[in-house]
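Colleague: So here's work.tsv, just TSV, C-alpha atoms:
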```
chain	number	residue	atom	x	y	z
X	1	MET	CA	-104.68	-53.00	55.58
X	2	THR	CA	-103.45	-54.38	52.24
X	3	TYR	CA	-101.91	-52.28	49.50
X	4	THR	CA	-105.03	-52.77	47.34
X	5	SER	CA	-107.45	-51.69	50.07
X	6	THR	CA	-105.24	-48.69	50.89
X	7	LEU	CA	-105.28	-47.68	47.25
X	8	LYS	CA	-109.07	-47.99	47.13
X	9	PHE	CA	-109.29	-45.64	50.10
X	10	LEU	CA	-106.83	-43.07	48.77
X	11	ILE	CA	-108.17	-42.78	45.21
X	12	PRO	CA	-111.59	-41.29	46.15
X	13	PHE	CA	-109.87	-38.97	48.63
X	14	ALA	CA	-107.42	-37.80	45.98
X	15	VAL	CA	-110.23	-37.26	43.47
X	16	LEU	CA	-112.19	-35.24	46.04
X	17	THR	CA	-109.13	-33.11	46.81
X	18	ILE	CA	-108.55	-32.43	43.11
X	19	LEU	CA	-112.20	-31.44	42.66
X	20	LEU	CA	-112.07	-29.07	45.63
X	21	LEU	CA	-108.88	-27.47	44.37
X	22	ALA	CA	-110.39	-27.14	40.91
X	23	CYS	CA	-113.50	-25.46	42.31
X	24	ASN	CA	-111.31	-22.97	44.17
X	25	SER	CA	-108.94	-22.34	41.28
X	26	PRO	CA	-108.64	-18.73	40.05
X	27	ARG	CA	-110.23	-19.74	36.73
X	28	LYS	CA	-113.30	-21.30	38.38
X	29	LEU	CA	-113.64	-18.40	40.79
X	30	LEU	CA	-113.52	-15.95	37.89
X	31	GLU	CA	-116.11	-17.88	35.90
X	32	SER	CA	-118.43	-18.07	38.93
X	33	GLY	CA	-118.28	-14.27	39.35
X	34	ASN	CA	-116.20	-14.32	42.55
X	35	TYR	CA	-113.82	-11.68	41.21
X	36	GLU	CA	-112.37	-10.67	44.57
X	37	LYS	CA	-111.16	-14.20	45.41
X	38	ALA	CA	-110.02	-14.89	41.84
X	39	PHE	CA	-107.98	-11.68	41.89
X	40	GLN	CA	-106.44	-12.48	45.28
X	41	LYS	CA	-105.50	-16.06	44.38
X	42	ALA	CA	-103.91	-15.01	41.10
X	43	LEU	CA	-102.10	-12.15	42.84
X	44	ASN	CA	-100.73	-14.48	45.54
X	45	SER	CA	-99.30	-16.81	42.89
X	46	LEU	CA	-97.70	-13.93	41.00
X	47	GLN	CA	-96.23	-12.39	44.17
X	48	LYS	CA	-94.66	-15.74	45.09
X	49	GLU	CA	-93.21	-15.94	41.56
X	50	LYS	CA	-95.20	-19.12	40.98
X	51	GLY	CA	-97.76	-17.50	38.73
X	52	THR	CA	-98.38	-18.47	35.15
X	53	ARG	CA	-99.49	-16.47	32.13
X	54	GLU	CA	-103.01	-17.64	32.91
X	55	ASP	CA	-102.75	-16.21	36.44
X	56	LYS	CA	-101.80	-12.85	34.96
X	57	ASN	CA	-104.74	-12.97	32.52
X	58	ILE	CA	-107.12	-13.88	35.35
X	59	LEU	CA	-105.72	-11.05	37.48
X	60	ILE	CA	-106.37	-8.54	34.69
X	61	LYS	CA	-109.87	-9.85	33.96
X	62	ALA	CA	-110.83	-9.99	37.64
X	63	PHE	CA	-109.58	-6.45	38.25
X	64	ASN	CA	-111.42	-5.22	35.18
X	65	GLU	CA	-114.66	-6.70	36.51
X	66	MET	CA	-114.09	-5.18	39.96
X	67	HIS	CA	-113.43	-1.81	38.32
X	68	LYS	CA	-116.69	-2.06	36.37
X	69	GLU	CA	-118.61	-3.06	39.52
X	70	THR	CA	-117.17	-0.15	41.50
X	71	SER	CA	-117.98	2.35	38.74
X	72	ALA	CA	-121.49	0.92	38.27
X	73	SER	CA	-122.14	0.97	42.01
X	74	LYS	CA	-121.09	4.60	42.18
X	75	GLU	CA	-123.42	5.51	39.35
X	76	GLN	CA	-126.33	3.63	40.93
X	77	LEU	CA	-125.89	5.52	44.21
X	78	GLY	CA	-126.58	8.76	42.36
X	79	ASP	CA	-125.65	12.20	43.66
X	80	PHE	CA	-124.99	11.02	47.21
X	81	GLN	CA	-127.77	12.92	48.91
X	82	ASN	CA	-127.51	10.21	51.56
X	83	ILE	CA	-124.20	10.27	53.42
X	84	ASP	CA	-124.31	6.49	53.88
X	85	ASP	CA	-124.35	6.04	50.10
X	86	ALA	CA	-121.40	8.40	49.75
X	87	ILE	CA	-119.43	6.43	52.35
X	88	ILE	CA	-120.17	3.16	50.54
X	89	ALA	CA	-118.90	4.61	47.27
X	90	TYR	CA	-115.83	6.07	49.00
X	91	ASP	CA	-114.96	2.75	50.65
X	92	ASN	CA	-115.47	0.81	47.42
X	93	ILE	CA	-113.01	3.07	45.61
X	94	SER	CA	-110.54	2.74	48.51
X	95	ALA	CA	-110.70	-1.06	48.28
X	96	LEU	CA	-110.22	-1.00	44.50
X	97	ASN	CA	-107.33	1.43	44.83
X	98	GLU	CA	-105.63	-0.90	47.33
X	99	HIS	CA	-105.97	-3.78	44.87
X	100	TYR	CA	-104.57	-1.59	42.10
X	101	THR	CA	-101.53	-0.70	44.20
X	102	GLN	CA	-100.88	-4.40	44.90
X	103	ALA	CA	-101.21	-5.53	41.30
X	104	LYS	CA	-100.10	-2.45	39.36
X	105	GLN	CA	-97.02	-4.11	37.86
X	106	TRP	CA	-99.14	-6.79	36.19
X	107	LEU	CA	-101.96	-4.55	34.95
X	108	LYS	CA	-102.23	-2.70	31.69
X	109	ASN	CA	-101.09	0.92	31.56
X	110	ASP	CA	-104.53	2.20	30.56
X	111	TYR	CA	-105.78	1.44	34.08
X	112	GLU	CA	-103.70	4.32	35.39
X	113	SER	CA	-105.97	6.92	33.81
X	114	LYS	CA	-109.10	5.00	34.89
X	115	MET	CA	-107.87	4.86	38.48
X	116	SER	CA	-106.90	8.51	38.36
X	117	THR	CA	-110.47	9.40	37.37
X	118	LEU	CA	-111.87	7.29	40.22
X	119	GLN	CA	-109.44	8.85	42.70
X	120	THR	CA	-110.57	12.32	41.63
X	121	GLU	CA	-114.17	11.29	42.21
X	122	GLN	CA	-113.20	9.81	45.57
X	123	GLU	CA	-111.63	13.09	46.60
X	124	GLU	CA	-114.89	14.85	45.77
X	125	LEU	CA	-116.69	12.27	47.90
X	126	ARG	CA	-114.26	12.85	50.77
X	127	VAL	CA	-114.94	16.57	50.78
X	128	SER	CA	-118.69	15.98	50.54
X	129	ILE	CA	-118.67	13.49	53.43
X	130	ALA	CA	-116.58	15.77	55.64
X	131	GLU	CA	-118.94	18.67	54.89
X	132	SER	CA	-121.98	16.55	55.78
X	133	TYR	CA	-120.50	15.52	59.12
X	134	TRP	CA	-119.53	19.15	59.79
X	135	THR	CA	-123.12	20.20	59.15
X	136	TYR	CA	-124.41	17.51	61.53
X	137	ALA	CA	-121.91	18.59	64.17
X	138	GLN	CA	-122.98	22.23	63.92
X	139	GLU	CA	-126.62	21.20	64.36
X	140	ASP	CA	-125.65	19.19	67.46
X	141	ILE	CA	-123.62	22.07	68.89
X	142	THR	CA	-126.54	24.45	68.44
X	143	LEU	CA	-128.85	21.96	70.18
X	144	TYR	CA	-126.36	21.56	73.02
X	145	LYS	CA	-126.10	25.33	73.53
X	146	GLU	CA	-129.89	25.63	73.62
X	147	SER	CA	-130.62	22.63	75.85
X	148	SER	CA	-127.34	21.80	77.65
X	149	ARG	CA	-128.10	18.13	76.91
X	150	LYS	CA	-124.98	15.98	77.09
X	151	ALA	CA	-126.40	13.65	74.43
X	152	ALA	CA	-126.20	16.51	71.91
X	153	ALA	CA	-122.58	17.18	72.87
X	154	GLN	CA	-121.74	13.49	72.51
X	155	SER	CA	-123.30	13.41	69.04
X	156	ALA	CA	-121.37	16.56	68.11
X	157	TYR	CA	-118.14	14.97	69.32
X	158	ALA	CA	-118.77	11.81	67.25
X	159	ASN	CA	-119.54	13.84	64.11
X	160	LEU	CA	-116.47	16.05	64.58
X	161	GLN	CA	-114.33	12.94	64.88
X	162	GLN	CA	-115.72	11.83	61.52
X	163	VAL	CA	-114.86	15.24	60.05
X	164	LYS	CA	-111.29	14.72	61.20
X	165	SER	CA	-111.29	11.12	59.91
X	166	TYR	CA	-112.23	12.38	56.42
X	167	ARG	CA	-109.62	15.15	56.68
X	168	GLY	CA	-112.08	17.99	56.79
X	169	GLU	CA	-110.27	21.33	56.78
X	170	TYR	CA	-111.93	23.60	59.34
X	171	PRO	CA	-110.30	26.15	61.64
X	172	ASP	CA	-109.65	25.05	65.25
X	173	LEU	CA	-111.12	21.60	64.60
X	174	ASP	CA	-109.00	19.86	67.25
X	175	GLN	CA	-109.89	22.48	69.88
X	176	LEU	CA	-113.58	22.09	69.06
X	177	ILE	CA	-113.32	18.31	69.36
X	178	ASP	CA	-111.68	18.67	72.80
X	179	ALA	CA	-114.35	21.14	73.91
X	180	MET	CA	-117.18	18.83	72.85
X	181	TYR	CA	-115.48	15.90	74.59
X	182	GLN	CA	-115.36	17.81	77.86
X	183	SER	CA	-118.96	18.94	77.39
X	184	SER	CA	-120.05	15.33	76.79
X	185	ILE	CA	-118.97	13.97	80.17
X	186	ILE	CA	-121.86	13.13	82.49
X	187	ASN	CA	-120.97	13.72	86.13
X	188	VAL	CA	-122.73	11.41	88.56
X	189	ALA	CA	-122.96	11.91	92.33
X	190	ILE	CA	-123.39	8.69	94.31
X	191	TYR	CA	-124.88	8.51	97.81
X	192	ALA	CA	-125.28	5.24	99.68
X	193	THR	CA	-126.87	5.02	103.12
X	194	GLU	CA	-128.54	2.47	105.34
X	195	ARG	CA	-132.26	2.97	105.54
X	196	PHE	CA	-132.28	2.34	109.28
X	197	GLY	CA	-129.23	2.88	111.46
X	198	ARG	CA	-125.54	3.28	110.77
X	199	TRP	CA	-124.13	-0.12	111.77
X	200	ASN	CA	-122.23	-0.84	108.56
X	201	GLU	CA	-121.44	2.68	107.40
X	202	TRP	CA	-117.68	2.17	107.09
X	203	ASP	CA	-118.04	-0.97	104.91
X	204	ILE	CA	-120.70	0.68	102.74
X	205	ASP	CA	-118.60	3.79	102.17
X	206	ARG	CA	-115.56	1.69	101.25
X	207	GLU	CA	-117.40	-0.41	98.65
X	208	PHE	CA	-119.32	2.43	97.00
X	209	ASP	CA	-116.29	4.69	96.99
X	210	ASP	CA	-114.63	1.92	94.97
X	211	LEU	CA	-117.63	1.92	92.61
X	212	ALA	CA	-117.17	5.66	92.11
X	213	ARG	CA	-113.64	5.00	90.81
X	214	ARG	CA	-114.93	2.84	87.94
X	215	ASP	CA	-115.32	5.47	85.22
X	216	ARG	CA	-117.35	4.07	82.31
X	217	GLY	CA	-117.66	5.68	78.90
X	218	TRP	CA	-118.99	9.19	79.26
X	219	TYR	CA	-119.72	8.77	82.97
X	220	ARG	CA	-117.57	10.18	85.78
X	221	PHE	CA	-118.49	9.44	89.38
X	222	ASP	CA	-117.98	11.06	92.75
X	223	TYR	CA	-119.00	9.46	96.03
X	224	LYS	CA	-120.79	11.62	98.57
X	225	PRO	CA	-119.83	15.08	97.27
X	226	LEU	CA	-120.77	17.97	99.56
X	227	ASN	CA	-123.34	19.31	97.08
X	228	THR	CA	-124.95	18.23	93.81
X	229	GLU	CA	-124.98	21.55	91.97
X	230	ASP	CA	-122.27	20.56	89.49
X	231	PHE	CA	-123.64	17.08	88.81
X	232	ASP	CA	-125.81	15.92	85.94
X	233	CYS	CA	-127.11	12.83	87.77
X	234	VAL	CA	-127.66	11.92	91.38
X	235	MET	CA	-127.70	8.24	92.27
X	236	GLU	CA	-129.19	7.49	95.68
X	237	ILE	CA	-128.74	3.98	97.05
X	238	GLN	CA	-130.72	2.98	100.10
X	239	LEU	CA	-129.69	-0.25	101.78
X	240	TYR	CA	-132.35	-2.06	103.74
X	241	ASP	CA	-131.80	-3.91	107.00
X	242	LEU	CA	-129.40	-6.77	106.59
X	243	ASP	CA	-131.25	-10.08	106.91
X	244	LEU	CA	-129.27	-12.63	108.91
X	245	ASN	CA	-130.51	-16.18	109.44
X	246	ARG	CA	-128.94	-19.24	111.01
X	247	PHE	CA	-130.14	-22.77	110.46
X	248	GLU	CA	-129.12	-25.87	112.37
X	249	ARG	CA	-129.56	-29.47	111.29
X	250	SER	CA	-128.55	-32.46	113.38
X	251	ASN	CA	-128.10	-36.02	112.28
X	252	VAL	CA	-126.80	-39.11	114.08
X	253	GLU	CA	-125.08	-41.86	112.12
X	254	ASN	CA	-124.70	-45.31	113.72
X	255	PHE	CA	-122.02	-47.72	112.54
X	256	SER	CA	-121.04	-51.31	113.22
X	257	LYS	CA	-118.04	-53.27	112.05
X	258	GLU	CA	-116.72	-56.80	112.51
X	259	ILE	CA	-113.12	-56.74	113.66
X	260	GLU	CA	-110.42	-59.21	114.65
X	261	ASP	CA	-110.10	-59.23	118.43
X	262	GLY	CA	-107.28	-61.54	119.35
X	263	TYR	CA	-106.53	-65.16	118.57
X	264	THR	CA	-107.23	-68.61	119.90
X	265	THR	CA	-105.13	-71.71	119.29
X	266	LYS	CA	-106.35	-74.86	117.66
X	267	VAL	CA	-104.80	-78.20	116.68
X	268	ASP	CA	-105.50	-79.19	113.10
X	269	THR	CA	-105.96	-82.71	111.74
X	270	SER	CA	-102.21	-83.09	111.28
X	271	GLY	CA	-101.55	-82.31	114.90
X	272	ASN	CA	-100.21	-78.80	114.24
X	273	THR	CA	-101.12	-75.91	116.51
X	274	ILE	CA	-102.48	-72.91	114.59
X	275	ASN	CA	-103.77	-69.43	115.51
X	276	VAL	CA	-107.40	-68.78	114.71
X	277	PRO	CA	-108.60	-65.11	114.76
X	278	ILE	CA	-111.47	-64.20	117.01
X	279	TYR	CA	-114.08	-61.89	115.40
X	280	ARG	CA	-116.49	-59.62	117.19
X	281	THR	CA	-118.74	-56.71	116.26
X	282	VAL	CA	-118.01	-53.20	117.56
X	283	THR	CA	-120.34	-50.22	117.34
X	284	GLY	CA	-119.99	-46.45	117.33
X	285	SER	CA	-121.88	-43.34	116.35
X	286	ALA	CA	-121.24	-39.85	114.96
X	287	SER	CA	-123.42	-36.87	115.75
X	288	VAL	CA	-123.22	-34.39	112.84
X	289	ASN	CA	-124.43	-30.89	113.62
X	290	THR	CA	-124.57	-28.69	110.46
X	291	LEU	CA	-124.76	-24.93	111.03
X	292	THR	CA	-125.67	-22.70	108.06
X	293	THR	CA	-125.51	-18.92	108.10
X	294	VAL	CA	-127.43	-17.01	105.39
X	295	VAL	CA	-126.99	-13.27	104.83
X	296	GLU	CA	-129.30	-11.35	102.47
X	297	TRP	CA	-129.02	-7.65	101.72
X	298	SER	CA	-131.28	-5.52	99.54
X	299	ALA	CA	-130.87	-2.04	98.11
X	300	ALA	CA	-133.12	0.40	96.25
X	301	VAL	CA	-131.59	2.73	93.66
X	302	GLN	CA	-133.23	6.04	92.78
X	303	TRP	CA	-132.10	8.55	90.15
X	304	SER	CA	-132.62	12.28	89.73
X	305	SER	CA	-131.37	14.60	87.02
X	306	PRO	CA	-131.86	18.36	86.66
X	307	ASN	CA	-131.29	18.37	82.89
X	308	GLY	CA	-132.49	14.90	81.85
X	309	ASP	CA	-129.02	13.54	81.12
X	310	CYS	CA	-129.59	10.47	83.31
X	311	ASP	CA	-131.62	8.02	81.30
X	312	PHE	CA	-131.79	5.41	84.07
X	313	TYR	CA	-134.67	3.71	85.83
X	314	PRO	CA	-135.03	3.08	89.57
X	315	GLN	CA	-134.54	-0.52	90.54
X	316	ARG	CA	-134.24	-2.78	93.56
X	317	PHE	CA	-131.38	-5.24	94.03
X	318	SER	CA	-131.02	-8.19	96.36
X	319	GLU	CA	-128.06	-10.49	96.92
X	320	GLU	CA	-127.51	-13.50	99.17
X	321	GLU	CA	-124.50	-15.42	100.47
X	322	ASP	CA	-124.34	-18.46	102.74
X	323	GLU	CA	-121.77	-20.63	104.44
X	324	SER	CA	-122.00	-23.91	106.35
X	325	CYS	CA	-119.86	-25.78	108.82
X	326	GLN	CA	-120.11	-29.11	110.56
X	327	ILE	CA	-119.42	-30.00	114.18
X	328	ILE	CA	-118.94	-33.74	114.62
X	329	GLN	CA	-118.91	-35.59	117.91
X	330	THR	CA	-118.27	-39.33	118.13
X	331	SER	CA	-119.05	-41.94	120.73
X	332	GLY	CA	-118.51	-45.68	121.10
X	333	ASP	CA	-115.69	-47.64	119.52
X	334	GLU	CA	-113.80	-45.49	116.98
X	335	ARG	CA	-112.85	-48.61	115.04
X	336	ALA	CA	-116.43	-48.81	113.80
X	337	ILE	CA	-116.58	-45.17	112.69
X	338	PRO	CA	-115.47	-44.17	109.11
X	339	SER	CA	-112.34	-42.02	108.96
X	340	GLN	CA	-114.13	-38.90	107.62
X	341	TYR	CA	-115.96	-38.57	110.93
X	342	LEU	CA	-112.83	-38.86	113.04
X	343	ASN	CA	-110.26	-36.24	114.01
X	344	GLN	CA	-112.91	-33.51	114.03
X	345	PHE	CA	-112.91	-30.82	116.67
X	346	SER	CA	-115.95	-29.68	118.58
X	347	ASN	CA	-114.63	-26.10	118.77
X	348	VAL	CA	-114.88	-25.43	114.99
X	349	ASN	CA	-115.37	-21.72	114.27
X	350	CYS	CA	-118.76	-21.29	112.58
X	351	ASP	CA	-118.98	-17.51	112.88
X	352	PHE	CA	-119.21	-16.43	109.23
X	353	GLU	CA	-121.32	-13.31	109.76
X	354	ASP	CA	-118.66	-10.65	109.13
X	355	ASP	CA	-117.24	-12.40	106.05
X	356	LEU	CA	-120.70	-12.99	104.58
X	357	LYS	CA	-121.71	-9.36	105.13
X	358	GLU	CA	-118.63	-8.24	103.24
X	359	GLU	CA	-119.24	-10.69	100.40
X	360	VAL	CA	-122.92	-9.84	99.96
X	361	LEU	CA	-122.14	-6.12	99.97
X	362	GLU	CA	-119.56	-6.68	97.22
X	363	ASP	CA	-122.21	-8.65	95.29
X	364	LEU	CA	-124.64	-5.74	95.58
X	365	VAL	CA	-122.09	-3.23	94.33
X	366	ASP	CA	-121.19	-5.48	91.38
X	367	ALA	CA	-124.88	-6.01	90.48
X	368	ILE	CA	-125.55	-2.27	90.55
X	369	SER	CA	-122.43	-1.61	88.48
X	370	ARG	CA	-123.41	-4.20	85.84
X	371	GLU	CA	-126.94	-2.87	85.56
X	372	TYR	CA	-126.13	0.79	85.11
X	373	PHE	CA	-122.53	1.06	83.99
```
Can the structure in the file be given as structure tokens, please?
Modeller:
Amino acid sequence: MTYTSTLKFLIPFAVLTILLLACNSPRKLLESGNYEKAFQKALNSLQKEKGTREDKNILIKAFNEMHKETSASKEQLGDFQNIDDAIIAYDNISALNEHYTQAKQWLKNDYESKMSTLQTEQEELRVSIAESYWTYAQEDITLYKESSRKAAAQSAYANLQQVKSYRGEYPDLDQLIDAMYQSSIINVAIYATERFGRWNEWDIDREFDDLARRDRGWYRFDYKPLNTEDFDCVMEIQLYDLDLNRFERSNVENFSKEIEDGYTTKVDTSGNTINVPIYRTVTGSASVNTLTTVVEWSAAVQWSSPNGDCDFYPQRFSEEEDESCQIIQTSGDERAIPSQYLNQFSNVNCDFEDDLKEEVLEDLVDAISREYF
């Protein structure tokens, strides 16, 4: 590429870069109403001691606009009858206060009184929000005491956590949070049995006992407890008869190949004696016997709950695993048979039943776990 052609390529690229930088300059961002980005870009330059007087002016103007937006937004939200509106106003003031802390040294002194006023209003919002969450929590606690529903206790716990988050000052708040947490836990009893017979009881108990150790969220599990009196949910898993099938497919491959089989001598036109290879065709065959074992296992899950805390539906699950092996026997001349058919043993172990039963049972447990927990 010549110098001239290189220059022709670089000039448009440089112009484009300059335009992009100009569009993202603090001045352009401010003029387009993107006060947050304009403020941040100007602040970054000033913090790195690379800022100009213009950066400082942009910082002040951008902050002033953000202050006006925050104050206007607060006024538009009204008296905060809706807690969501109060939280929005609270968060907006928090964000503005963070910006003020970052840029305080470059802002005018009169912002201190403006921010002080906003902070006072934010404190009022904090108290109001905490009181609202406390009221919600008390309603949930009353509902829980009347109904014993764990969902009410969980809602109470979540609202009490919000009270604490907004620094609500209530006696024994931490103890109440702990009590609602304990009341929120849903205890689940799990029973798994074979519908007919007890041939795989040990494997079933091992896998579902492992499932019972996978605590999820509010749920705590126990496998085959002696009674269900202290449990909110009972999960009954019935495993149907294991379906075992074996399929056999046989195929015979015949091969032929031309090989060198010795030499004969011959005198050429110059009187020299030369060796000439003798070619002949050899044949062989490979009998490929493919054995496939397929194991399928199904289970039906039923739920019961004395207090309605188990919001689950009954469902049936089915999983399948399979494995294949090949037994190869050869006959004829091995020189005609491809290498992949050779060195095979007729006593290959094709008994996959136990391994497949274990795998398909694990699949069932995982499917049940994914569906419900």
Colleague: Quick one: residues within 9 Å of X:Phe196, all atoms listed in the file counted, chain neighbours fewer than 4 positions away excluded, as a short mmCIF file (atom, residue, chain, number, x, y, z; two decimals) with C-alpha atoms, keeping the file's coordinate frame?
Modeller:
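Saved result, result-v9.cif, follows:
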```
data_model
loop_
_atom_site.label_atom_id
_atom_site.label_comp_id
_atom_site.auth_asym_id
_atom_site.auth_seq_id
_atom_site.Cartn_x
_atom_site.Cartn_y
_atom_site.Cartn_z
CA LEU X 239 -129.69 -0.25 101.78
CA TYR X 240 -132.35 -2.06 103.74
CA ASP X 241 -131.80 -3.91 107.00
#
```
Colleague: From (-122.7, 6.4, 49.5), in the file's coordinates, out to 12 Å: which residues are reached, counting all atoms listed in the file? Answer as a PyMOL selection string.
Modeller: chain X and resi 70+73-93+122+125-126+128-129+132
Colleague: Kindly indicate which residue among X:Arg249, X:Arg206, X:Arg213, X:Arg195 lies nearest to X:Glu236, using all atoms listed in the file for the distances.
Modeller: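 Smallest distance to X:Glu236 is found for X:Arg195.
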Colleague: Smallest atom-to-atom distance to X:Val252: which of X:Met235, X:Lys145, X:Ile368, X:Ile328, using all atoms listed in the file?
Modeller: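 Counting all atoms listed in the file, the residue closest to X:Val252 is X:Ile328.
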Colleague: Let me make sure I understand: among X:Gln302, X:Asp243, X:Asp333, X:Asp110, which one has the smallest atom-to-atom distance to X:Thr281 if we use only C-alpha atoms?
Modeller: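 Under the stated criterion, the closest residue is X:Asp333.
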Colleague: Work out how far atom CA of X:Asn245 is from atom CA of X:Arg370, in Å to one decimal.
Modeller: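 Computed distance, atom CA of X:Arg370 to atom CA of X:Asn245, equals 27.4 Å.
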Colleague: Separation of atom CA of X:Asp232 and atom CA of X:Glu194, in Å?
Modeller: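 Pair atom CA of X:Asp232 / atom CA of X:Glu194 returns 23.8 Å.
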Colleague: So what do you get for atom CA of X:Tyr313 versus atom CA of X:Tyr372, distance-wise?
Modeller: 9.1 Å
Colleague: From the set X:Leu244, X:Lys257, X:Ile177, X:Phe221, which residue has the shortest atom-to-atom contact distance to X:Phe373, counting all atoms listed in the file?
Modeller: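 Among the listed residues, the smallest separation from X:Phe373 belongs to X:Phe221.
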Colleague: Please write out, as JSON, where the centre of an axis-aligned box around all listed atoms of stretch 41-56 of chain X lies and how long its edges are, in Å to one decimal, after adding 5 Å on each side.
Modeller:
```
{"center_x": -99.4, "center_y": -15.6, "center_z": 38.8, "size_x": 22.3, "size_y": 17.0, "size_z": 23.4}
```
Colleague: X:Tyr223: which residues within 12 Å, counting only C-alpha atoms, same-chain residues fewer than 2 positions away excluded, as an mmCIF file with C-alpha atoms, in the coordinates of the input?
Modeller:
```
data_model
loop_
_atom_site.group_PDB
_atom_site.id
_atom_site.type_symbol
_atom_site.label_atom_id
_atom_site.label_comp_id
_atom_site.auth_asym_id
_atom_site.auth_seq_id
_atom_site.Cartn_x
_atom_site.Cartn_y
_atom_site.Cartn_z
ATOM 1 C CA ASN X 187 -120.970 13.720 86.130
ATOM 2 C CA VAL X 188 -122.730 11.410 88.560
ATOM 3 C CA ALA X 189 -122.960 11.910 92.330
ATOM 4 C CA ILE X 190 -123.390 8.690 94.310
ATOM 5 C CA TYR X 191 -124.880 8.510 97.810
ATOM 6 C CA ALA X 192 -125.280 5.240 99.680
ATOM 7 C CA THR X 193 -126.870 5.020 103.120
ATOM 8 C CA ILE X 204 -120.700 0.680 102.740
ATOM 9 C CA ASP X 205 -118.600 3.790 102.170
ATOM 10 C CA ARG X 206 -115.560 1.690 101.250
ATOM 11 C CA GLU X 207 -117.400 -0.410 98.650
ATOM 12 C CA PHE X 208 -119.320 2.430 97.000
ATOM 13 C CA ASP X 209 -116.290 4.690 96.990
ATOM 14 C CA ASP X 210 -114.630 1.920 94.970
ATOM 15 C CA LEU X 211 -117.630 1.920 92.610
ATOM 16 C CA ALA X 212 -117.170 5.660 92.110
ATOM 17 C CA ARG X 213 -113.640 5.000 90.810
ATOM 18 C CA ARG X 214 -114.930 2.840 87.940
ATOM 19 C CA ARG X 220 -117.570 10.180 85.780
ATOM 20 C CA PHE X 221 -118.490 9.440 89.380
ATOM 21 C CA PRO X 225 -119.830 15.080 97.270
ATOM 22 C CA LEU X 226 -120.770 17.970 99.560
ATOM 23 C CA ASN X 227 -123.340 19.310 97.080
ATOM 24 C CA THR X 228 -124.950 18.230 93.810
ATOM 25 C CA PHE X 231 -123.640 17.080 88.810
ATOM 26 C CA VAL X 234 -127.660 11.920 91.380
ATOM 27 C CA MET X 235 -127.700 8.240 92.270
ATOM 28 C CA GLU X 236 -129.190 7.490 95.680
ATOM 29 C CA ILE X 237 -128.740 3.980 97.050
#
```
Colleague: Could you pull the residues within 12 Å of X:Gln161, counting only C-alpha atoms, minus those fewer than 3 positions along the same chain, as a PyMOL selection string?
Modeller: chain X and resi 130+133-134+136-137+154-158+164-168+173-178+180-181
Colleague: Nearest residue to X:Glu260 out of X:Ile274, X:Val360, X:Ile337, X:Val282, using all atoms listed in the file?
Modeller: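 Ranked by minimum distance to X:Glu260, first place goes to X:Val282.
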Colleague: Using all atoms listed in the file, which residue out of X:Asn24, X:Ile259, X:Ile60, X:Glu31 lies closest to X:Asn109?
Modeller: X:Ile60
Colleague: Give as a ChimeraX atom specification each residue that has an atom at most 12 Å from (-119.8, -6.9, 103.5) in the file, counting all atoms listed in the file.
Modeller: /X:199-208,242,295-297,319-321,352-365
Colleague: Would you save the residues of that selection, restricted to C-alpha atoms, as a PDB file, in the coordinates of the input?
Modeller:
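Result went into out-v2.pdb, see below:
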```pdb
ATOM      1  CA  TRP X 199    -124.130  -0.120 111.770  1.00  0.00           C
ATOM      2  CA  ASN X 200    -122.230  -0.840 108.560  1.00  0.00           C
ATOM      3  CA  GLU X 201    -121.440   2.680 107.400  1.00  0.00           C
ATOM      4  CA  TRP X 202    -117.680   2.170 107.090  1.00  0.00           C
ATOM      5  CA  ASP X 203    -118.040  -0.970 104.910  1.00  0.00           C
ATOM      6  CA  ILE X 204    -120.700   0.680 102.740  1.00  0.00           C
ATOM      7  CA  ASP X 205    -118.600   3.790 102.170  1.00  0.00           C
ATOM      8  CA  ARG X 206    -115.560   1.690 101.250  1.00  0.00           C
ATOM      9  CA  GLU X 207    -117.400  -0.410  98.650  1.00  0.00           C
ATOM     10  CA  PHE X 208    -119.320   2.430  97.000  1.00  0.00           C
ATOM     11  CA  LEU X 242    -129.400  -6.770 106.590  1.00  0.00           C
ATOM     12  CA  VAL X 295    -126.990 -13.270 104.830  1.00  0.00           C
ATOM     13  CA  GLU X 296    -129.300 -11.350 102.470  1.00  0.00           C
ATOM     14  CA  TRP X 297    -129.020  -7.650 101.720  1.00  0.00           C
ATOM     15  CA  GLU X 319    -128.060 -10.490  96.920  1.00  0.00           C
ATOM     16  CA  GLU X 320    -127.510 -13.500  99.170  1.00  0.00           C
ATOM     17  CA  GLU X 321    -124.500 -15.420 100.470  1.00  0.00           C
ATOM     18  CA  PHE X 352    -119.210 -16.430 109.230  1.00  0.00           C
ATOM     19  CA  GLU X 353    -121.320 -13.310 109.760  1.00  0.00           C
ATOM     20  CA  ASP X 354    -118.660 -10.650 109.130  1.00  0.00           C
ATOM     21  CA  ASP X 355    -117.240 -12.400 106.050  1.00  0.00           C
ATOM     22  CA  LEU X 356    -120.700 -12.990 104.580  1.00  0.00           C
ATOM     23  CA  LYS X 357    -121.710  -9.360 105.130  1.00  0.00           C
ATOM     24  CA  GLU X 358    -118.630  -8.240 103.240  1.00  0.00           C
ATOM     25  CA  GLU X 359    -119.240 -10.690 100.400  1.00  0.00           C
ATOM     26  CA  VAL X 360    -122.920  -9.840  99.960  1.00  0.00           C
ATOM     27  CA  LEU X 361    -122.140  -6.120  99.970  1.00  0.00           C
ATOM     28  CA  GLU X 362    -119.560  -6.680  97.220  1.00  0.00           C
ATOM     29  CA  ASP X 363    -122.210  -8.650  95.290  1.00  0.00           C
ATOM     30  CA  LEU X 364    -124.640  -5.740  95.580  1.00  0.00           C
ATOM     31  CA  VAL X 365    -122.090  -3.230  94.330  1.00  0.00           C
TER      32      VAL X 365
END
```
